[in-house]
>>> print(open('my_file.txt').read())   # compact mmCIF, C-alpha atoms and all ligand atoms
# COMPACT_ATOMS: atom_id res chain seq x y z
CA MET X 17 -1.83 -8.05 -3.74
CA VAL X 18 0.56 -9.29 -1.09
CA SER X 19 3.84 -11.09 -0.61
CA GLY X 20 4.24 -11.49 3.14
CA ASN X 21 2.74 -11.19 6.57
CA GLY X 22 -0.34 -9.26 5.53
CA SER X 23 -0.92 -7.14 8.62
CA ASN X 24 -2.15 -4.35 6.33
CA LEU X 25 -4.47 -6.82 4.65
CA GLN X 26 -5.76 -7.71 8.12
CA ALA X 27 -6.38 -4.04 8.88
CA LEU X 28 -8.36 -3.78 5.63
CA ILE X 29 -10.32 -6.95 6.44
CA ASP X 30 -11.17 -5.51 9.85
CA ALA X 31 -12.03 -2.07 8.49
CA ASP X 32 -15.70 -2.54 7.67
CA LEU X 33 -15.21 -1.47 4.06
CA PRO X 34 -18.84 -2.34 3.20
CA LEU X 35 -19.80 0.81 5.11
CA SER X 36 -18.17 2.73 2.25
CA ASN X 37 -19.51 0.38 -0.46
CA GLY X 38 -16.30 -1.61 -0.76
CA HIS X 39 -15.35 -5.20 -0.20
CA ILE X 40 -12.26 -7.26 -0.75
CA VAL X 41 -12.89 -9.53 -3.73
CA GLY X 42 -9.69 -11.52 -3.68
CA VAL X 43 -6.08 -11.67 -2.55
CA ILE X 44 -3.21 -12.48 -4.90
CA SER X 45 0.16 -13.54 -3.52
CA ASN X 46 3.32 -14.16 -5.50
CA ARG X 47 4.53 -16.40 -2.68
CA ALA X 48 2.80 -19.60 -1.67
CA ASP X 49 4.02 -19.28 1.93
CA ALA X 50 2.74 -15.74 2.53
CA TYR X 51 0.93 -15.59 5.87
CA ALA X 52 -1.40 -13.07 4.24
CA LEU X 53 -3.04 -15.99 2.39
CA LYS X 54 -4.03 -17.56 5.70
CA ARG X 55 -5.54 -14.27 6.83
CA ALA X 56 -7.57 -14.07 3.62
CA GLN X 57 -8.73 -17.67 3.90
CA ALA X 58 -9.73 -17.17 7.53
CA ALA X 59 -11.87 -14.24 6.41
CA GLY X 60 -13.49 -16.26 3.61
CA ILE X 61 -11.81 -14.24 0.85
CA ALA X 62 -10.81 -15.86 -2.45
CA THR X 63 -7.07 -16.29 -2.96
CA ALA X 64 -4.78 -16.87 -5.92
CA ILE X 65 -1.11 -17.75 -5.88
CA ILE X 66 0.65 -16.41 -8.96
CA MET X 67 4.36 -17.00 -8.56
CA HIS X 68 6.72 -14.78 -10.49
CA ARG X 69 9.17 -17.67 -10.76
CA ASP X 70 6.69 -19.52 -12.96
CA TYR X 71 6.97 -16.86 -15.66
CA PRO X 72 9.98 -16.14 -17.90
CA ASN X 73 9.67 -12.37 -17.61
CA ARG X 74 7.82 -9.55 -15.87
CA THR X 75 5.51 -8.93 -18.81
CA LEU X 76 4.11 -12.46 -18.71
CA PHE X 77 3.89 -12.46 -14.91
CA ASP X 78 1.99 -9.18 -14.97
CA ALA X 79 -0.29 -10.52 -17.72
CA ALA X 80 -1.20 -13.42 -15.43
CA LEU X 81 -1.97 -10.99 -12.60
CA HIS X 82 -4.06 -8.91 -14.98
CA GLN X 83 -6.10 -11.92 -16.12
CA GLN X 84 -6.89 -12.91 -12.54
CA LEU X 85 -7.93 -9.36 -11.69
CA LEU X 86 -10.19 -9.21 -14.74
CA ALA X 87 -11.70 -12.57 -13.81
CA TRP X 88 -12.55 -11.18 -10.38
CA GLN X 89 -14.04 -8.05 -12.02
CA ILE X 90 -12.39 -5.77 -9.52
CA ASP X 91 -12.44 -1.98 -9.51
CA TYR X 92 -9.27 -1.28 -7.53
CA ILE X 93 -5.97 -2.91 -6.71
CA LEU X 94 -4.48 -2.44 -3.24
CA LEU X 95 -0.83 -3.31 -2.92
CA ALA X 96 -0.11 -4.35 0.65
CA GLY X 97 3.47 -5.48 0.94
CA PHE X 98 3.59 -6.78 -2.64
CA MET X 99 7.30 -7.13 -3.29
CA ARG X 100 7.41 -7.16 -7.10
CA ILE X 101 7.97 -4.19 -9.34
CA LEU X 102 5.14 -3.95 -11.86
CA THR X 103 5.73 -3.15 -15.53
CA PRO X 104 4.75 0.29 -16.85
CA GLN X 105 2.21 -1.45 -19.11
CA PHE X 106 0.47 -3.08 -16.14
CA VAL X 107 0.52 0.17 -14.16
CA ALA X 108 -0.95 2.07 -17.12
CA GLN X 109 -3.82 -0.41 -17.38
CA TRP X 110 -4.74 0.32 -13.76
CA ALA X 111 -3.93 4.04 -13.68
CA GLY X 112 -5.92 5.77 -10.98
CA ARG X 113 -7.17 2.44 -9.71
CA MET X 114 -4.17 1.12 -7.77
CA LEU X 115 -2.94 2.18 -4.31
CA ASN X 116 0.16 1.27 -2.33
CA ILE X 117 1.29 1.81 1.23
CA HIS X 118 4.93 2.64 1.78
CA PRO X 119 6.80 2.89 5.11
CA SER X 120 8.24 6.39 4.78
CA LEU X 121 7.20 9.99 4.40
CA LEU X 122 7.41 10.05 0.62
CA PRO X 123 9.03 11.44 -1.42
CA ALA X 124 11.76 10.70 1.13
CA TYR X 125 13.08 7.15 1.33
CA LYS X 126 11.64 5.38 -1.65
CA GLY X 127 12.55 1.71 -1.91
CA LEU X 128 13.64 -0.71 0.81
CA ASN X 129 15.09 -0.50 4.35
CA THR X 130 13.39 2.79 5.11
CA HIS X 131 13.60 2.52 8.90
CA GLN X 132 17.35 1.88 8.90
CA ARG X 133 17.88 4.77 6.51
CA VAL X 134 15.80 7.15 8.63
CA LEU X 135 17.79 6.23 11.75
CA ALA X 136 21.09 6.61 9.91
CA SER X 137 20.11 10.07 8.70
CA GLY X 138 19.06 11.33 12.14
CA ASP X 139 15.59 12.43 10.96
CA ARG X 140 13.25 13.29 13.81
CA LEU X 141 10.04 12.52 11.91
CA HIS X 142 9.12 9.34 10.08
CA GLY X 143 5.94 7.59 9.03
CA CYS X 144 4.10 6.06 6.13
CA SER X 145 2.35 7.14 2.96
CA VAL X 146 -0.59 5.89 0.94
CA HIS X 147 -0.25 6.80 -2.71
CA PHE X 148 -1.59 6.07 -6.15
CA VAL X 149 0.74 3.79 -8.08
CA THR X 150 2.48 5.17 -11.14
CA ALA X 151 5.32 3.76 -13.21
CA GLU X 152 7.88 5.47 -10.96
CA LEU X 153 8.61 3.26 -7.93
CA ASP X 154 6.95 4.78 -4.82
CA GLY X 155 6.51 7.95 -6.87
CA GLY X 156 2.75 8.31 -7.38
CA GLN X 157 0.39 10.95 -6.03
CA ILE X 158 0.38 10.88 -2.22
CA ILE X 159 -3.06 10.63 -0.66
CA THR X 160 -2.31 10.65 3.04
CA GLN X 161 0.55 10.20 5.47
CA GLY X 162 0.86 9.09 9.06
CA VAL X 163 3.65 10.88 10.91
CA LEU X 164 5.45 9.99 14.13
CA GLN X 165 8.49 11.10 16.05
CA VAL X 166 11.66 9.04 15.94
CA GLY X 167 12.86 8.17 19.43
CA VAL X 168 16.50 8.75 20.28
CA HIS X 169 16.92 5.13 21.28
CA ASP X 170 14.74 3.59 18.57
CA THR X 171 16.00 0.47 16.81
CA PRO X 172 14.88 -0.24 13.25
CA GLU X 173 12.58 -2.95 14.62
CA GLN X 174 10.92 -0.64 17.16
CA LEU X 175 10.46 2.02 14.55
CA ALA X 176 9.04 -0.48 12.06
CA ALA X 177 6.53 -1.69 14.65
CA ARG X 178 5.28 1.84 15.35
CA VAL X 179 5.10 2.72 11.66
CA HIS X 180 3.09 -0.46 11.12
CA GLN X 181 0.54 0.75 13.67
CA LEU X 182 0.17 3.93 11.64
CA GLU X 183 -0.13 1.98 8.41
CA HIS X 184 -3.05 0.06 9.87
CA GLN X 185 -4.81 3.37 10.56
CA ILE X 186 -4.19 5.27 7.37
CA TYR X 187 -4.53 2.55 4.73
CA PRO X 188 -8.11 1.62 5.63
CA MET X 189 -8.93 5.33 5.87
CA ALA X 190 -7.61 6.01 2.36
CA VAL X 191 -9.38 2.93 0.98
CA ARG X 192 -12.67 4.10 2.50
CA TRP X 193 -12.14 7.45 0.75
CA LEU X 194 -11.50 5.61 -2.52
CA CYS X 195 -14.53 3.32 -2.24
CA SER X 196 -16.87 6.17 -1.36
CA GLY X 197 -15.62 8.37 -4.21
CA ILE X 198 -14.01 11.00 -1.97
CA ILE X 199 -10.66 10.64 -3.70
CA SER X 200 -9.78 9.97 -7.30
CA LEU X 201 -7.08 10.75 -9.81
CA LYS X 202 -7.78 13.13 -12.69
CA ASN X 203 -5.21 14.34 -15.21
CA GLN X 204 -2.56 13.01 -12.83
CA HIS X 205 -3.81 15.17 -9.95
CA LEU X 206 -5.23 13.95 -6.69
CA ILE X 207 -8.85 15.03 -6.35
CA PHE X 208 -10.26 15.18 -2.82
CA ASN X 209 -13.95 16.00 -2.47
CA GLY X 210 -13.98 17.50 -5.94
CA GLN X 211 -10.94 19.73 -5.31
CA SER X 212 -7.50 19.27 -6.80
CA GLN X 213 -4.92 18.81 -3.99
CA THR X 214 -1.29 19.75 -4.01
CA GLN X 215 -0.44 18.53 -0.49
CA PRO X 216 -1.14 15.12 1.06
CA PHE X 217 -3.17 14.93 4.24
CA GLN X 218 -0.82 14.37 7.12
CA LEU X 219 -2.02 12.86 10.35
CA TYR X 220 0.26 13.15 13.36
CA PHE X 221 0.26 10.33 15.85
CA ASP X 222 1.74 10.68 19.30
CA LEU X 223 2.73 7.07 19.89
CA ASN X 224 4.83 6.34 22.96
CA TYR X 225 8.49 5.87 22.31
C1 LIG X 301 4.50 -2.56 5.08
O1 LIG X 301 5.50 -1.97 5.85
C2 LIG X 301 4.18 -1.72 3.88
O2 LIG X 301 4.32 -0.36 4.11
C3 LIG X 301 5.19 -2.19 2.87
O3 LIG X 301 5.28 -3.56 3.09
C4 LIG X 301 4.97 -3.85 4.44
C5 LIG X 301 3.91 -4.90 4.45
O4 LIG X 301 3.62 -5.35 5.75
N1 LIG X 301 4.78 -1.84 1.53
P1 LIG X 301 2.40 -6.37 5.97
O5 LIG X 301 2.66 -7.58 5.09
O6 LIG X 301 1.15 -5.67 5.60
O7 LIG X 301 2.45 -6.72 7.43
>>> encode(input="my_file.txt", output="structure tokens")
Amino acid sequence: MVSGNGSNLQALIDADLPLSNGHIVGVISNRADAYALKRAQAAGIATAIIMHRDYPNRTLFDAALHQQLLAWQIDYILLAGFMRILTPQFVAQWAGRMLNIHPSLLPAYKGLNTHQRVLASGDRLHGCSVHFVTAELDGGQIITQGVLQVGVHDTPEQLAARVHQLEHQIYPMAVRWLCSGIISLKNQHLIFNGQSQTQPFQLYFDLNY
């Protein structure tokens, strides 16, 4: 599910998911002008535009999303820049079957404007996290993180661009793990290769800055 540019969607399209028994069934956008829809169409993937403004409340909007997802008979939801907060009821219906990518090293910097906040705080490390979605915003079990160093002269835009490069590496990786059964959620714990994990897998990237 997307709302915007869809560069993470593109990384997933390009990721050869069929090698891990996965494929992208459809793309839902809550915005008709999302460039992500063009990416999906170019790849021959079904699309649906379900606009939140067409529904009087979140519950009915989420019910419309749910119906489309059931119609597509999907197994997993991947949020990729989907800018709506989902209701706890919707999240519960897809517990353990919905992932999100977030541009920070969670649990730090939940929410918006992460790059600006990292620069303002003077942190030396930043990155992105793939996590299961729970009712707490950006609060679900972390699967993996990409980590990079913050440059002394970085602007929010430069930092965002480098974090995006990491996102395009780690999201497809986590989705391959999901599709091939390497990761799952059991009793609210991340299971990796049959073992309960307490720490996310962190990958360090030495991108030029
Ligand atoms: C990414 O930064 C992602 O972490 C966040 O939304 C942004 C989506 O970017 N959840 P794109 O639409 O995939 O280019």
>>> residues_around(input="my_file.txt", residues="X:His180", least_positions_apart="5", cutoff="9 Å", atoms="all atoms listed in the file", output="PyMOL selection string")
chain X and resi 23-24+119+143-144+175+185
>>> residues_near_ligand(input="my_file.txt", ligand="ligand LIG 301 (chain X)", cutoff="10 Å", atoms="all atoms listed in the file", output="PyMOL selection string")
chain X and resi 17-28+50-52+95-99+116-120+127-131+143-146+154+176-177+179-184+187
>>> residues_around(input="my_file.txt", residues="stretch 75-87 of chain X", least_positions_apart="3", cutoff="10 Å", atoms="only C-alpha atoms", output="ChimeraX atom specification")
/X:17,41-46,64-72,90-93,100-107,109-110
>>> residues_around(input="my_file.txt", residues="X:Gln132", least_positions_apart="6", cutoff="9 Å", atoms="all atoms listed in the file", output="ChimeraX atom specification")
/X:171-173,175
>>> atom_distance(input="my_file.txt", atom1="atom CA of X:Leu35", atom2="atom CA of X:Leu194")
12.3 Å
>>> decode(input="my_file.txt", residues="stretch 89-105 of chain X", atoms="all heavy atoms", output="mmCIF file, in the first residue's frame")
data_model
loop_
_atom_site.group_PDB
_atom_site.id
_atom_site.type_symbol
_atom_site.label_atom_id
_atom_site.label_comp_id
_atom_site.auth_asym_id
_atom_site.auth_seq_id
_atom_site.Cartn_x
_atom_site.Cartn_y
_atom_site.Cartn_z
ATOM 1 N N GLN X 89 -6.993 -11.868 -2.472
ATOM 2 C CA GLN X 89 -6.543 -13.104 -1.796
ATOM 3 C C GLN X 89 -5.061 -13.069 -1.466
ATOM 4 O O GLN X 89 -4.313 -14.006 -1.739
ATOM 5 C CB GLN X 89 -6.857 -14.322 -2.660
ATOM 6 C CG GLN X 89 -8.349 -14.466 -2.922
ATOM 7 C CD GLN X 89 -8.681 -15.772 -3.597
ATOM 8 O OE1 GLN X 89 -8.094 -16.115 -4.608
ATOM 9 N NE2 GLN X 89 -9.609 -16.493 -3.020
ATOM 10 N N ILE X 90 -4.652 -11.977 -0.855
ATOM 11 C CA ILE X 90 -3.235 -11.806 -0.545
ATOM 12 C C ILE X 90 -2.877 -12.511 0.772
ATOM 13 O O ILE X 90 -3.754 -12.823 1.574
ATOM 14 C CB ILE X 90 -2.858 -10.318 -0.431
ATOM 15 C CG1 ILE X 90 -3.661 -9.658 0.698
ATOM 16 C CG2 ILE X 90 -3.073 -9.605 -1.738
ATOM 17 C CD1 ILE X 90 -2.897 -8.621 1.409
ATOM 18 N N ASP X 91 -1.602 -12.734 0.950
ATOM 19 C CA ASP X 91 -1.101 -13.286 2.219
ATOM 20 C C ASP X 91 -0.536 -12.193 3.113
ATOM 21 O O ASP X 91 -0.646 -12.263 4.336
ATOM 22 C CB ASP X 91 0.001 -14.310 1.943
ATOM 23 C CG ASP X 91 -0.537 -15.510 1.198
ATOM 24 O OD1 ASP X 91 -1.493 -16.123 1.695
ATOM 25 O OD2 ASP X 91 -0.019 -15.802 0.093
ATOM 26 N N TYR X 92 0.139 -11.219 2.500
ATOM 27 C CA TYR X 92 0.847 -10.205 3.282
ATOM 28 C C TYR X 92 0.578 -8.808 2.725
ATOM 29 O O TYR X 92 0.408 -8.637 1.521
ATOM 30 C CB TYR X 92 2.364 -10.440 3.222
ATOM 31 C CG TYR X 92 2.788 -11.768 3.781
ATOM 32 C CD1 TYR X 92 3.289 -12.758 2.953
ATOM 33 C CD2 TYR X 92 2.684 -12.029 5.146
ATOM 34 C CE1 TYR X 92 3.682 -13.991 3.470
ATOM 35 C CE2 TYR X 92 3.063 -13.251 5.666
ATOM 36 C CZ TYR X 92 3.559 -14.230 4.823
ATOM 37 O OH TYR X 92 3.931 -15.431 5.337
ATOM 38 N N ILE X 93 0.600 -7.863 3.632
ATOM 39 C CA ILE X 93 0.531 -6.444 3.247
ATOM 40 C C ILE X 93 1.909 -5.829 3.467
ATOM 41 O O ILE X 93 2.505 -6.008 4.536
ATOM 42 C CB ILE X 93 -0.470 -5.664 4.124
ATOM 43 C CG1 ILE X 93 -1.872 -6.259 4.017
ATOM 44 C CG2 ILE X 93 -0.484 -4.189 3.749
ATOM 45 C CD1 ILE X 93 -2.866 -5.621 4.998
ATOM 46 N N LEU X 94 2.388 -5.093 2.477
ATOM 47 C CA LEU X 94 3.626 -4.322 2.628
ATOM 48 C C LEU X 94 3.262 -2.848 2.540
ATOM 49 O O LEU X 94 2.741 -2.404 1.510
ATOM 50 C CB LEU X 94 4.613 -4.675 1.510
ATOM 51 C CG LEU X 94 4.910 -6.163 1.332
ATOM 52 C CD1 LEU X 94 5.800 -6.381 0.119
ATOM 53 C CD2 LEU X 94 5.553 -6.736 2.590
ATOM 54 N N LEU X 95 3.504 -2.135 3.609
ATOM 55 C CA LEU X 95 3.308 -0.689 3.567
ATOM 56 C C LEU X 95 4.598 -0.066 3.035
ATOM 57 O O LEU X 95 5.689 -0.377 3.532
ATOM 58 C CB LEU X 95 3.007 -0.138 4.967
ATOM 59 C CG LEU X 95 1.799 -0.753 5.683
ATOM 60 C CD1 LEU X 95 1.601 -0.075 7.048
ATOM 61 C CD2 LEU X 95 0.542 -0.639 4.844
ATOM 62 N N ALA X 96 4.466 0.754 2.021
ATOM 63 C CA ALA X 96 5.660 1.358 1.410
ATOM 64 C C ALA X 96 5.379 2.833 1.166
ATOM 65 O O ALA X 96 5.008 3.235 0.064
ATOM 66 C CB ALA X 96 6.024 0.636 0.106
ATOM 67 N N GLY X 97 5.500 3.603 2.235
ATOM 68 C CA GLY X 97 5.183 5.019 2.132
ATOM 69 C C GLY X 97 3.685 5.245 2.108
ATOM 70 O O GLY X 97 3.193 6.143 1.434
ATOM 71 N N PHE X 98 2.946 4.437 2.855
ATOM 72 C CA PHE X 98 1.486 4.598 2.962
ATOM 73 C C PHE X 98 1.224 5.551 4.116
ATOM 74 O O PHE X 98 1.560 5.247 5.269
ATOM 75 C CB PHE X 98 0.827 3.244 3.207
ATOM 76 C CG PHE X 98 -0.674 3.293 3.240
ATOM 77 C CD1 PHE X 98 -1.398 3.597 2.100
ATOM 78 C CD2 PHE X 98 -1.368 3.028 4.409
ATOM 79 C CE1 PHE X 98 -2.788 3.641 2.121
ATOM 80 C CE2 PHE X 98 -2.754 3.058 4.445
ATOM 81 C CZ PHE X 98 -3.465 3.369 3.296
ATOM 82 N N MET X 99 0.661 6.713 3.814
ATOM 83 C CA MET X 99 0.649 7.815 4.782
ATOM 84 C C MET X 99 -0.663 7.932 5.561
ATOM 85 O O MET X 99 -1.055 9.028 5.948
ATOM 86 C CB MET X 99 0.951 9.145 4.061
ATOM 87 C CG MET X 99 2.301 9.171 3.384
ATOM 88 S SD MET X 99 3.666 8.831 4.521
ATOM 89 C CE MET X 99 3.740 10.391 5.392
ATOM 90 N N ARG X 100 -1.320 6.833 5.811
ATOM 91 C CA ARG X 100 -2.519 6.845 6.648
ATOM 92 C C ARG X 100 -2.284 5.956 7.858
ATOM 93 O O ARG X 100 -1.666 4.887 7.736
ATOM 94 C CB ARG X 100 -3.743 6.314 5.895
ATOM 95 C CG ARG X 100 -4.072 7.040 4.624
ATOM 96 C CD ARG X 100 -4.353 8.503 4.814
ATOM 97 N NE ARG X 100 -5.470 8.777 5.696
ATOM 98 C CZ ARG X 100 -5.783 9.987 6.136
ATOM 99 N NH1 ARG X 100 -5.044 11.039 5.788
ATOM 100 N NH2 ARG X 100 -6.819 10.165 6.921
ATOM 101 N N ILE X 101 -2.800 6.398 8.981
ATOM 102 C CA ILE X 101 -2.733 5.564 10.184
ATOM 103 C C ILE X 101 -3.895 4.581 10.136
ATOM 104 O O ILE X 101 -5.043 4.975 9.897
ATOM 105 C CB ILE X 101 -2.785 6.443 11.445
ATOM 106 C CG1 ILE X 101 -1.493 7.267 11.502
ATOM 107 C CG2 ILE X 101 -2.945 5.591 12.700
ATOM 108 C CD1 ILE X 101 -1.457 8.265 12.635
ATOM 109 N N LEU X 102 -3.582 3.316 10.331
ATOM 110 C CA LEU X 102 -4.604 2.265 10.240
ATOM 111 C C LEU X 102 -5.239 2.036 11.606
ATOM 112 O O LEU X 102 -4.581 2.172 12.643
ATOM 113 C CB LEU X 102 -3.951 0.980 9.723
ATOM 114 C CG LEU X 102 -3.391 1.119 8.298
ATOM 115 C CD1 LEU X 102 -2.367 0.034 8.006
ATOM 116 C CD2 LEU X 102 -4.522 1.100 7.274
ATOM 117 N N THR X 103 -6.504 1.660 11.596
ATOM 118 C CA THR X 103 -7.211 1.440 12.874
ATOM 119 C C THR X 103 -6.696 0.170 13.550
ATOM 120 O O THR X 103 -6.249 -0.771 12.872
ATOM 121 C CB THR X 103 -8.727 1.262 12.639
ATOM 122 O OG1 THR X 103 -8.917 0.194 11.709
ATOM 123 C CG2 THR X 103 -9.368 2.525 12.118
ATOM 124 N N PRO X 104 -6.771 0.117 14.876
ATOM 125 C CA PRO X 104 -6.360 -1.106 15.586
ATOM 126 C C PRO X 104 -7.107 -2.342 15.086
ATOM 127 O O PRO X 104 -6.531 -3.434 15.014
ATOM 128 C CB PRO X 104 -6.716 -0.802 17.045
ATOM 129 C CG PRO X 104 -6.710 0.690 17.137
ATOM 130 C CD PRO X 104 -7.155 1.189 15.799
ATOM 131 N N GLN X 105 -8.366 -2.184 14.701
ATOM 132 C CA GLN X 105 -9.136 -3.328 14.191
ATOM 133 C C GLN X 105 -8.509 -3.863 12.907
ATOM 134 O O GLN X 105 -8.353 -5.075 12.735
ATOM 135 C CB GLN X 105 -10.596 -2.919 13.897
ATOM 136 C CG GLN X 105 -11.387 -2.549 15.121
ATOM 137 C CD GLN X 105 -11.230 -1.065 15.488
ATOM 138 O OE1 GLN X 105 -10.225 -0.423 15.181
ATOM 139 N NE2 GLN X 105 -12.226 -0.548 16.169
#
